[in-house]
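Reproduced below: coords34.cif, with mmCIF, C-alpha atoms.
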data_model
loop_
_atom_site.group_PDB
_atom_site.id
_atom_site.type_symbol
_atom_site.label_atom_id
_atom_site.label_comp_id
_atom_site.auth_asym_id
_atom_site.auth_seq_id
_atom_site.Cartn_x
_atom_site.Cartn_y
_atom_site.Cartn_z
ATOM 1 C CA MET Q 977 -19.464 81.114 35.678
ATOM 2 C CA SER Q 978 -16.105 80.205 37.260
ATOM 3 C CA LYS Q 979 -14.314 76.873 36.949
ATOM 4 C CA THR Q 980 -14.858 76.301 40.670
ATOM 5 C CA THR Q 981 -18.629 76.616 40.190
ATOM 6 C CA SER Q 982 -18.475 74.208 37.246
ATOM 7 C CA LEU Q 983 -16.489 71.745 39.378
ATOM 8 C CA ILE Q 984 -19.113 71.939 42.140
ATOM 9 C CA CYS Q 985 -21.846 71.310 39.552
ATOM 10 C CA ALA Q 986 -19.915 68.285 38.259
ATOM 11 C CA LEU Q 987 -19.538 66.844 41.767
ATOM 12 C CA ILE Q 988 -23.237 67.336 42.583
ATOM 13 C CA THR Q 989 -24.140 65.731 39.255
ATOM 14 C CA THR Q 990 -21.917 62.757 40.024
ATOM 15 C CA PHE Q 991 -23.364 62.386 43.526
ATOM 16 C CA ILE Q 992 -26.908 62.295 42.138
ATOM 17 C CA TRP Q 993 -25.993 59.803 39.407
ATOM 18 C CA GLY Q 994 -24.282 57.539 41.940
ATOM 19 C CA THR Q 995 -27.144 57.501 44.439
ATOM 20 C CA ALA Q 996 -29.704 57.125 41.615
ATOM 21 C CA PHE Q 997 -28.177 53.727 40.780
ATOM 22 C CA ILE Q 998 -30.157 52.245 43.671
ATOM 23 C CA ALA Q 999 -33.415 53.811 42.471
ATOM 24 C CA GLN Q 1000 -32.743 52.566 38.931
ATOM 25 C CA ASP Q 1001 -32.279 49.022 40.192
ATOM 26 C CA THR Q 1002 -35.216 48.901 42.622
ATOM 27 C CA GLY Q 1003 -37.512 50.790 40.224
ATOM 28 C CA MET Q 1004 -37.903 47.809 37.881
ATOM 29 C CA ASP Q 1005 -39.611 45.412 40.277
ATOM 30 C CA ASN Q 1006 -42.903 45.849 38.402
ATOM 31 C CA ILE Q 1007 -42.083 47.568 35.104
ATOM 32 C CA GLY Q 1008 -39.588 47.294 32.248
ATOM 33 C CA PRO Q 1009 -36.566 49.524 31.593
ATOM 34 C CA LEU Q 1010 -38.246 51.518 28.796
ATOM 35 C CA SER Q 1011 -41.314 52.254 30.936
ATOM 36 C CA PHE Q 1012 -39.089 53.284 33.837
ATOM 37 C CA ASN Q 1013 -36.994 55.574 31.634
ATOM 38 C CA ALA Q 1014 -40.082 57.118 30.023
ATOM 39 C CA ALA Q 1015 -41.584 57.983 33.419
ATOM 40 C CA ARG Q 1016 -38.233 59.116 34.756
ATOM 41 C CA PHE Q 1017 -37.494 61.571 31.953
ATOM 42 C CA PHE Q 1018 -41.046 62.914 31.759
ATOM 43 C CA VAL Q 1019 -40.724 63.743 35.463
ATOM 44 C CA GLY Q 1020 -37.343 65.332 34.710
ATOM 45 C CA PHE Q 1021 -38.908 67.457 31.970
ATOM 46 C CA ILE Q 1022 -41.697 68.665 34.281
ATOM 47 C CA THR Q 1023 -39.060 69.507 36.915
ATOM 48 C CA ILE Q 1024 -36.756 71.548 34.674
ATOM 49 C CA LEU Q 1025 -39.160 73.295 32.265
ATOM 50 C CA PRO Q 1026 -40.616 75.845 34.768
ATOM 51 C CA ILE Q 1027 -37.094 76.767 35.914
ATOM 52 C CA ALA Q 1028 -35.959 77.121 32.292
ATOM 53 C CA LEU Q 1029 -38.880 79.438 31.469
ATOM 54 C CA ILE Q 1030 -38.153 81.609 34.505
ATOM 55 C CA PHE Q 1031 -34.401 82.041 33.989
ATOM 56 C CA GLU Q 1032 -33.920 81.639 30.240
ATOM 57 C CA GLN Q 1033 -37.155 82.857 28.673
ATOM 58 C CA LYS Q 1034 -35.517 85.940 27.163
ATOM 59 C CA LYS Q 1035 -32.565 83.963 25.793
ATOM 60 C CA ILE Q 1036 -34.455 81.018 24.266
ATOM 61 C CA ILE Q 1037 -35.296 82.481 20.847
ATOM 62 C CA SER Q 1038 -32.038 84.393 20.377
ATOM 63 C CA GLY Q 1039 -30.010 81.454 21.658
ATOM 64 C CA ILE Q 1040 -31.565 78.972 19.251
ATOM 65 C CA GLN Q 1041 -31.600 81.351 16.286
ATOM 66 C CA SER Q 1042 -27.896 82.148 16.715
ATOM 67 C CA ASN Q 1043 -27.236 78.823 15.001
ATOM 68 C CA LYS Q 1044 -30.480 76.918 14.618
ATOM 69 C CA ASN Q 1045 -29.095 74.014 12.608
ATOM 70 C CA LEU Q 1046 -26.270 73.383 15.078
ATOM 71 C CA PHE Q 1047 -28.652 73.627 18.044
ATOM 72 C CA PHE Q 1048 -31.000 70.973 16.696
ATOM 73 C CA LYS Q 1049 -28.071 68.841 15.560
ATOM 74 C CA TYR Q 1050 -26.715 68.700 19.123
ATOM 75 C CA LEU Q 1051 -30.221 68.204 20.525
ATOM 76 C CA PHE Q 1052 -30.716 65.175 18.277
ATOM 77 C CA LEU Q 1053 -27.246 63.713 18.907
ATOM 78 C CA MET Q 1054 -27.396 64.181 22.677
ATOM 79 C CA SER Q 1055 -30.965 62.934 23.093
ATOM 80 C CA ILE Q 1056 -30.247 59.805 21.021
ATOM 81 C CA SER Q 1057 -26.969 59.053 22.836
ATOM 82 C CA LEU Q 1058 -28.633 59.673 26.223
ATOM 83 C CA PHE Q 1059 -31.605 57.473 25.293
ATOM 84 C CA LEU Q 1060 -29.386 54.585 24.163
ATOM 85 C CA GLY Q 1061 -26.980 54.995 27.093
ATOM 86 C CA THR Q 1062 -29.694 55.042 29.767
ATOM 87 C CA TYR Q 1063 -31.748 52.290 28.112
ATOM 88 C CA LEU Q 1064 -28.790 49.909 27.795
ATOM 89 C CA GLN Q 1065 -27.643 50.671 31.340
ATOM 90 C CA GLN Q 1066 -31.164 50.211 32.689
ATOM 91 C CA THR Q 1067 -31.643 46.942 30.782
ATOM 92 C CA SER Q 1068 -28.264 45.608 31.924
ATOM 93 C CA LEU Q 1069 -29.426 45.791 35.550
ATOM 94 C CA LEU Q 1070 -31.927 43.026 34.722
ATOM 95 C CA TYR Q 1071 -29.087 40.655 33.811
ATOM 96 C CA THR Q 1072 -26.073 41.713 35.836
ATOM 97 C CA ASN Q 1073 -25.419 43.188 39.264
ATOM 98 C CA ILE Q 1074 -24.748 46.780 40.265
ATOM 99 C CA ALA Q 1075 -21.071 45.997 40.953
ATOM 100 C CA ASN Q 1076 -20.406 44.851 37.386
ATOM 101 C CA ALA Q 1077 -22.562 47.624 35.931
ATOM 102 C CA ALA Q 1078 -20.562 50.248 37.842
ATOM 103 C CA PHE Q 1079 -17.276 48.769 36.657
ATOM 104 C CA PHE Q 1080 -18.141 48.530 32.962
ATOM 105 C CA THR Q 1081 -20.003 51.859 32.787
ATOM 106 C CA VAL Q 1082 -16.802 53.668 33.725
ATOM 107 C CA PHE Q 1083 -15.306 52.577 30.408
ATOM 108 C CA TYR Q 1084 -16.513 55.952 29.127
ATOM 109 C CA VAL Q 1085 -13.524 57.487 30.943
ATOM 110 C CA PRO Q 1086 -10.876 56.206 28.464
ATOM 111 C CA LEU Q 1087 -13.349 56.415 25.567
ATOM 112 C CA VAL Q 1088 -13.882 60.181 25.893
ATOM 113 C CA PRO Q 1089 -10.292 61.292 25.096
ATOM 114 C CA LEU Q 1090 -9.998 58.614 22.388
ATOM 115 C CA ILE Q 1091 -13.199 59.741 20.649
ATOM 116 C CA LEU Q 1092 -12.173 63.391 21.047
ATOM 117 C CA PHE Q 1093 -8.902 62.666 19.285
ATOM 118 C CA ILE Q 1094 -10.564 60.642 16.499
ATOM 119 C CA LEU Q 1095 -13.431 63.067 15.824
ATOM 120 C CA TYR Q 1096 -11.850 66.432 16.652
ATOM 121 C CA LYS Q 1097 -8.074 65.750 16.661
ATOM 122 C CA LYS Q 1098 -8.047 67.157 20.180
ATOM 123 C CA LYS Q 1099 -5.039 66.352 22.347
ATOM 124 C CA VAL Q 1100 -5.428 66.027 26.096
ATOM 125 C CA HIS Q 1101 -3.105 66.863 28.992
ATOM 126 C CA TRP Q 1102 -0.693 64.061 29.918
ATOM 127 C CA SER Q 1103 -2.302 63.737 33.370
ATOM 128 C CA ILE Q 1104 -5.478 62.351 31.805
ATOM 129 C CA TRP Q 1105 -3.871 59.004 30.937
ATOM 130 C CA PRO Q 1106 -2.553 58.038 34.421
ATOM 131 C CA SER Q 1107 -5.833 59.395 35.824
ATOM 132 C CA ILE Q 1108 -7.786 57.057 33.538
ATOM 133 C CA PHE Q 1109 -5.627 54.113 34.626
ATOM 134 C CA LEU Q 1110 -6.084 54.920 38.335
ATOM 135 C CA CYS Q 1111 -9.799 55.419 37.778
ATOM 136 C CA LEU Q 1112 -10.265 52.006 36.150
ATOM 137 C CA ILE Q 1113 -8.216 50.260 38.852
ATOM 138 C CA GLY Q 1114 -10.200 52.116 41.520
ATOM 139 C CA VAL Q 1115 -13.556 51.058 40.097
ATOM 140 C CA TYR Q 1116 -12.224 47.494 39.819
ATOM 141 C CA PHE Q 1117 -11.586 47.414 43.569
ATOM 142 C CA LEU Q 1118 -14.767 49.325 44.343
ATOM 143 C CA SER Q 1119 -17.031 46.962 42.400
ATOM 144 C CA ASN Q 1120 -15.691 43.694 43.857
ATOM 145 C CA PHE Q 1121 -15.452 42.611 40.232
ATOM 146 C CA SER Q 1122 -12.739 40.083 41.103
ATOM 147 C CA ASN Q 1123 -15.289 38.148 43.156
ATOM 148 C CA THR Q 1124 -18.189 38.161 40.689
ATOM 149 C CA GLU Q 1125 -19.121 36.137 37.666
ATOM 150 C CA ILE Q 1126 -19.012 37.787 34.248
ATOM 151 C CA LEU Q 1127 -22.662 38.005 33.234
ATOM 152 C CA LEU Q 1128 -24.382 38.457 29.884
ATOM 153 C CA GLY Q 1129 -25.611 41.928 30.840
ATOM 154 C CA ASP Q 1130 -22.033 43.198 31.063
ATOM 155 C CA GLY Q 1131 -21.896 43.445 27.277
ATOM 156 C CA LEU Q 1132 -24.830 45.866 27.360
ATOM 157 C CA VAL Q 1133 -23.017 48.054 29.888
ATOM 158 C CA ILE Q 1134 -19.862 48.171 27.751
ATOM 159 C CA ILE Q 1135 -21.919 49.327 24.754
ATOM 160 C CA CYS Q 1136 -23.762 51.851 26.931
ATOM 161 C CA SER Q 1137 -20.439 53.388 28.027
ATOM 162 C CA PHE Q 1138 -19.789 54.329 24.389
ATOM 163 C CA PHE Q 1139 -23.032 56.329 24.266
ATOM 164 C CA TRP Q 1140 -22.257 57.944 27.644
ATOM 165 C CA ALA Q 1141 -18.909 59.038 26.215
ATOM 166 C CA LEU Q 1142 -20.622 60.566 23.170
ATOM 167 C CA HIS Q 1143 -23.117 62.374 25.398
ATOM 168 C CA ILE Q 1144 -20.340 63.898 27.525
ATOM 169 C CA ILE Q 1145 -18.474 65.036 24.398
ATOM 170 C CA PHE Q 1146 -21.551 66.552 22.750
ATOM 171 C CA ALA Q 1147 -22.473 68.312 26.013
ATOM 172 C CA GLY Q 1148 -19.062 69.972 26.070
ATOM 173 C CA LYS Q 1149 -19.327 71.004 22.414
ATOM 174 C CA PHE Q 1150 -22.835 72.372 22.929
ATOM 175 C CA MET Q 1151 -21.775 74.542 25.867
ATOM 176 C CA GLU Q 1152 -18.976 76.012 23.750
ATOM 177 C CA LYS Q 1153 -21.583 77.438 21.351
ATOM 178 C CA PHE Q 1154 -24.742 78.062 23.395
ATOM 179 C CA ASN Q 1155 -25.679 79.415 26.822
ATOM 180 C CA ILE Q 1156 -29.175 78.030 27.380
ATOM 181 C CA PRO Q 1157 -28.486 74.859 29.385
ATOM 182 C CA LEU Q 1158 -31.846 74.806 31.197
ATOM 183 C CA ILE Q 1159 -34.040 74.868 28.110
ATOM 184 C CA PHE Q 1160 -31.723 72.403 26.391
ATOM 185 C CA ALA Q 1161 -31.866 69.981 29.336
ATOM 186 C CA SER Q 1162 -35.670 70.154 29.405
ATOM 187 C CA LEU Q 1163 -35.963 69.527 25.636
ATOM 188 C CA GLN Q 1164 -33.479 66.686 25.925
ATOM 189 C CA ALA Q 1165 -35.526 65.104 28.733
ATOM 190 C CA ILE Q 1166 -38.825 65.261 26.827
ATOM 191 C CA LEU Q 1167 -37.208 63.724 23.752
ATOM 192 C CA VAL Q 1168 -35.632 60.850 25.708
ATOM 193 C CA GLY Q 1169 -38.962 60.281 27.451
ATOM 194 C CA THR Q 1170 -40.749 60.258 24.083
ATOM 195 C CA TYR Q 1171 -38.299 57.784 22.534
ATOM 196 C CA SER Q 1172 -38.675 55.560 25.599
ATOM 197 C CA ILE Q 1173 -42.482 55.497 25.698
ATOM 198 C CA PHE Q 1174 -42.650 54.876 21.933
ATOM 199 C CA PHE Q 1175 -40.508 51.746 22.179
ATOM 200 C CA ALA Q 1176 -42.120 50.740 25.493
ATOM 201 C CA PHE Q 1177 -45.493 50.363 23.722
ATOM 202 C CA ILE Q 1178 -43.775 48.097 21.177
ATOM 203 C CA PHE Q 1179 -41.610 45.923 23.428
ATOM 204 C CA GLU Q 1180 -43.215 46.136 26.880
ATOM 205 C CA GLU Q 1181 -46.569 46.102 28.589
ATOM 206 C CA VAL Q 1182 -47.198 49.696 29.618
ATOM 207 C CA ASN Q 1183 -49.339 49.583 32.749
ATOM 208 C CA LEU Q 1184 -49.994 52.863 34.585
ATOM 209 C CA SER Q 1185 -50.929 51.169 37.853
ATOM 210 C CA LYS Q 1186 -47.617 49.274 37.877
ATOM 211 C CA ILE Q 1187 -45.720 52.459 37.041
ATOM 212 C CA ILE Q 1188 -47.337 54.149 40.038
ATOM 213 C CA LEU Q 1189 -46.064 51.303 42.248
ATOM 214 C CA GLU Q 1190 -42.534 52.501 41.423
ATOM 215 C CA GLN Q 1191 -43.357 56.150 42.106
ATOM 216 C CA TYR Q 1192 -40.655 56.768 44.698
ATOM 217 C CA SER Q 1193 -37.839 55.367 42.559
ATOM 218 C CA ILE Q 1194 -39.202 57.211 39.513
ATOM 219 C CA ILE Q 1195 -39.506 60.529 41.355
ATOM 220 C CA TYR Q 1196 -35.955 60.324 42.702
ATOM 221 C CA ALA Q 1197 -34.447 59.202 39.407
ATOM 222 C CA GLY Q 1198 -36.646 61.692 37.517
ATOM 223 C CA VAL Q 1199 -36.400 64.865 39.573
ATOM 224 C CA PHE Q 1200 -32.795 64.510 40.667
ATOM 225 C CA SER Q 1201 -31.075 62.367 38.007
ATOM 226 C CA GLY Q 1202 -33.196 62.910 34.887
ATOM 227 C CA GLY Q 1203 -33.830 66.565 35.671
ATOM 228 C CA ILE Q 1204 -31.406 68.321 38.004
ATOM 229 C CA ALA Q 1205 -28.261 66.243 37.350
ATOM 230 C CA PHE Q 1206 -28.389 66.418 33.555
ATOM 231 C CA THR Q 1207 -28.967 70.177 33.830
ATOM 232 C CA LEU Q 1208 -26.016 70.645 36.191
ATOM 233 C CA GLN Q 1209 -23.932 68.586 33.759
ATOM 234 C CA MET Q 1210 -24.406 71.343 31.173
ATOM 235 C CA TYR Q 1211 -23.210 73.990 33.645
ATOM 236 C CA ALA Q 1212 -20.320 71.758 34.715
ATOM 237 C CA GLN Q 1213 -19.008 71.376 31.176
ATOM 238 C CA LYS Q 1214 -19.062 75.112 30.571
ATOM 239 C CA ASN Q 1215 -15.567 75.374 32.086
ATOM 240 C CA ILE Q 1216 -14.348 71.769 32.354
ATOM 241 C CA ASP Q 1217 -13.005 69.919 29.324
ATOM 242 C CA GLU Q 1218 -14.667 66.667 28.320
ATOM 243 C CA ALA Q 1219 -11.852 64.272 29.334
ATOM 244 C CA PRO Q 1220 -11.363 65.521 32.934
ATOM 245 C CA ALA Q 1221 -15.151 65.833 33.257
ATOM 246 C CA ALA Q 1222 -15.465 62.127 32.465
ATOM 247 C CA ILE Q 1223 -12.971 61.323 35.229
ATOM 248 C CA ILE Q 1224 -14.967 63.395 37.722
ATOM 249 C CA TYR Q 1225 -18.157 61.608 36.685
ATOM 250 C CA SER Q 1226 -16.486 58.278 37.442
ATOM 251 C CA LEU Q 1227 -16.890 59.214 41.111
ATOM 252 C CA GLU Q 1228 -20.489 58.009 40.741
ATOM 253 C CA GLY Q 1229 -19.125 54.552 41.617
ATOM 254 C CA VAL Q 1230 -17.842 55.931 44.924
ATOM 255 C CA PHE Q 1231 -21.143 57.626 45.721
ATOM 256 C CA ALA Q 1232 -23.058 54.478 44.716
ATOM 257 C CA ALA Q 1233 -20.937 52.398 47.116
ATOM 258 C CA VAL Q 1234 -21.421 54.860 49.984
ATOM 259 C CA ALA Q 1235 -25.176 55.045 49.278
ATOM 260 C CA GLY Q 1236 -25.356 51.239 49.304
ATOM 261 C CA TRP Q 1237 -23.527 51.220 52.639
ATOM 262 C CA ILE Q 1238 -25.896 53.792 54.201
ATOM 263 C CA ILE Q 1239 -29.221 52.766 52.611
ATOM 264 C CA LEU Q 1240 -28.791 49.031 51.961
ATOM 265 C CA ASN Q 1241 -26.352 48.293 54.805
ATOM 266 C CA GLN Q 1242 -23.760 46.992 52.351
ATOM 267 C CA ILE Q 1243 -20.406 46.899 54.164
ATOM 268 C CA LEU Q 1244 -17.391 48.554 52.498
ATOM 269 C CA ASP Q 1245 -14.357 46.286 52.791
ATOM 270 C CA LEU Q 1246 -10.686 47.236 52.440
ATOM 271 C CA ASN Q 1247 -10.746 46.830 48.626
ATOM 272 C CA ASN Q 1248 -13.793 49.107 48.350
ATOM 273 C CA ILE Q 1249 -12.145 51.817 50.437
ATOM 274 C CA LEU Q 1250 -8.918 51.507 48.410
ATOM 275 C CA GLY Q 1251 -10.961 51.883 45.224
ATOM 276 C CA CYS Q 1252 -12.579 55.062 46.547
ATOM 277 C CA PHE Q 1253 -9.198 56.616 47.330
ATOM 278 C CA LEU Q 1254 -7.750 55.677 43.917
ATOM 279 C CA ILE Q 1255 -10.659 57.326 42.098
ATOM 280 C CA LEU Q 1256 -10.426 60.420 44.302
ATOM 281 C CA PHE Q 1257 -6.699 60.638 43.565
ATOM 282 C CA ALA Q 1258 -7.384 60.245 39.830
ATOM 283 C CA VAL Q 1259 -9.869 63.138 39.943
ATOM 284 C CA LEU Q 1260 -7.436 65.368 41.849
ATOM 285 C CA LEU Q 1261 -4.603 64.539 39.427
ATOM 286 C CA SER Q 1262 -6.716 65.334 36.358
ATOM 287 C CA GLN Q 1263 -7.783 68.686 37.830
ATOM 288 C CA LEU Q 1264 -4.617 69.890 39.594
ATOM 289 C CA ALA Q 1265 -1.824 68.836 37.205
ATOM 290 C CA PRO Q 1266 -2.860 71.202 34.350
ATOM 291 C CA SER Q 1267 -3.270 74.061 36.854
ATOM 292 C CA LEU Q 1268 0.199 73.486 38.310
ATOM 293 C CA LYS Q 1269 1.720 73.615 34.826
ATOM 294 C CA ARG Q 1270 -0.006 76.902 34.017
ATOM 295 C CA SER Q 1271 1.087 78.308 37.378
ATOM 296 C CA SER Q 1272 4.745 77.430 36.775
ATOM 297 C CA VAL Q 1273 4.640 78.973 33.280
ATOM 298 C CA SER Q 1274 3.124 82.227 34.577
ATOM 299 C CA ASN Q 1275 5.846 82.501 37.232
#

Whole structure given in structure tokens:
Amino acid sequence: MSKTTSLICALITTFIWGTAFIAQDTGMDNIGPLSFNAARFFVGFITILPIALIFEQKKIISGIQSNKNLFFKYLFLMSISLFLGTYLQQTSLLYTNIANAAFFTVFYVPLVPLILFILYKKKVHWSIWPSIFLCLIGVYFLSNFSNTEILLGDGLVIICSFFWALHIIFAGKFMEKFNIPLIFASLQAILVGTYSIFFAFIFEEVNLSKIILEQYSIIYAGVFSGGIAFTLQMYAQKNIDEAPAAIIYSLEGVFAAVAGWIILNQILDLNNILGCFLILFAVLLSQLAPSLKRSSVSN
């Protein structure tokens, strides 16, 4: 797989995550966040498993047995971080608005290189730091944060960004060692769904008829976000380092704003458009600057 293919996978992933924000918000009119996440990831599992069995059936046993302990270690770490990240983000939408949630979620962008350095002593290209700054400023303008009240749910989003950062890092580390992203994504989805339904029975009223009322939001968030997007994320991080990948994923705020404009008739003002361009510039800087340096060295 080429870096260009990985970049396309990352952009598609980000587009799906951004547009799924609307489904995540509207999908809790009748059910709680744990019930929504359980249904969403079970649908994602059903979506990905047949594809995984078709394309990776011959590689499943050999892939896992190549380093069984490491495989299950990453499966546990990624499923737990994804469960906590999605649950906190989903819960925050009950207490804050999508604008604030989009702004605070993007805190995983500066967290990824910091955690990489702390855990793995990994240095990043200089372009990452101005890209992070531009990204945060861009999301600030995009979210209209300057015109909104700081709400209690914002704290949940800030915590959730830490788990998103861990998930991105572990995804990159997993793809360095294994080449069975489809089966891994399906196992990850069933685990997150299982964690969610377990705690839903404890903290929420699980009502199948009410879950069915949210079927359209669940199907979109399940098939596309919980299934396809998290699978494409694995392919994306095959050839893209964790820090620039996080910057690309921050484009979900742009896609969420455009989706809100098209679907919910939310008008993009001058600040929103400026925010979109700043994030796009941050993504281009993080991807092109390292390539230009390598090109100059080779010449």

Exercise for review: Run through the PyMOL selection byres ((chain Q and resi 1175) around 12) on the given coordinates and return the selected residues as a PyMOL selection string.
Suggested key: chain Q and resi 1008-1014+1059-1060+1063+1168-1174+1176-1182

Practice item. Could you tell me which residues the PyMOL selection byres ((chain Q and resi 1253-1263) around 6) returns for this structure, as JSON, numbers by chain? Key: {"Q": [1103, 1104, 1107, 1110, 1111, 1114, 1220, 1223, 1224, 1250, 1251, 1252, 1264, 1265]}

Check your understanding: Between atom CA of Met1151 of chain Q and atom CA of Leu1087 of chain Q, what is the spacing in Å?
Key ->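 Those two atoms sit 20.0 Å apart.
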
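Nearest to Phe991 of chain Q of all the residues Q:Ala1205, Q:Ile1040, Q:Met1210, Q:Leu1053 is Q:Ala1205, based on only C-alpha atoms.
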
Review point. What is the atom CA of Trp1102 of chain Q-atom CA of Thr980 of chain Q distance in Å, reported with one decimal?
Key: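 These two atoms are separated by 21.6 Å.
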
Practice item. Would you translate the PyMOL selection byres ((chain Q and resi 1192) around 12) into the concrete set of residues it matches in this file, as a PyMOL selection string? Key: chain Q and resi 996+998-1000+1002-1004+1012+1015-1016+1019+1187-1191+1193-1200

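Distance-wise, atom CA of Ala1161 of chain Q and atom CA of Phe1080 of chain Q end up 25.7 Å apart.
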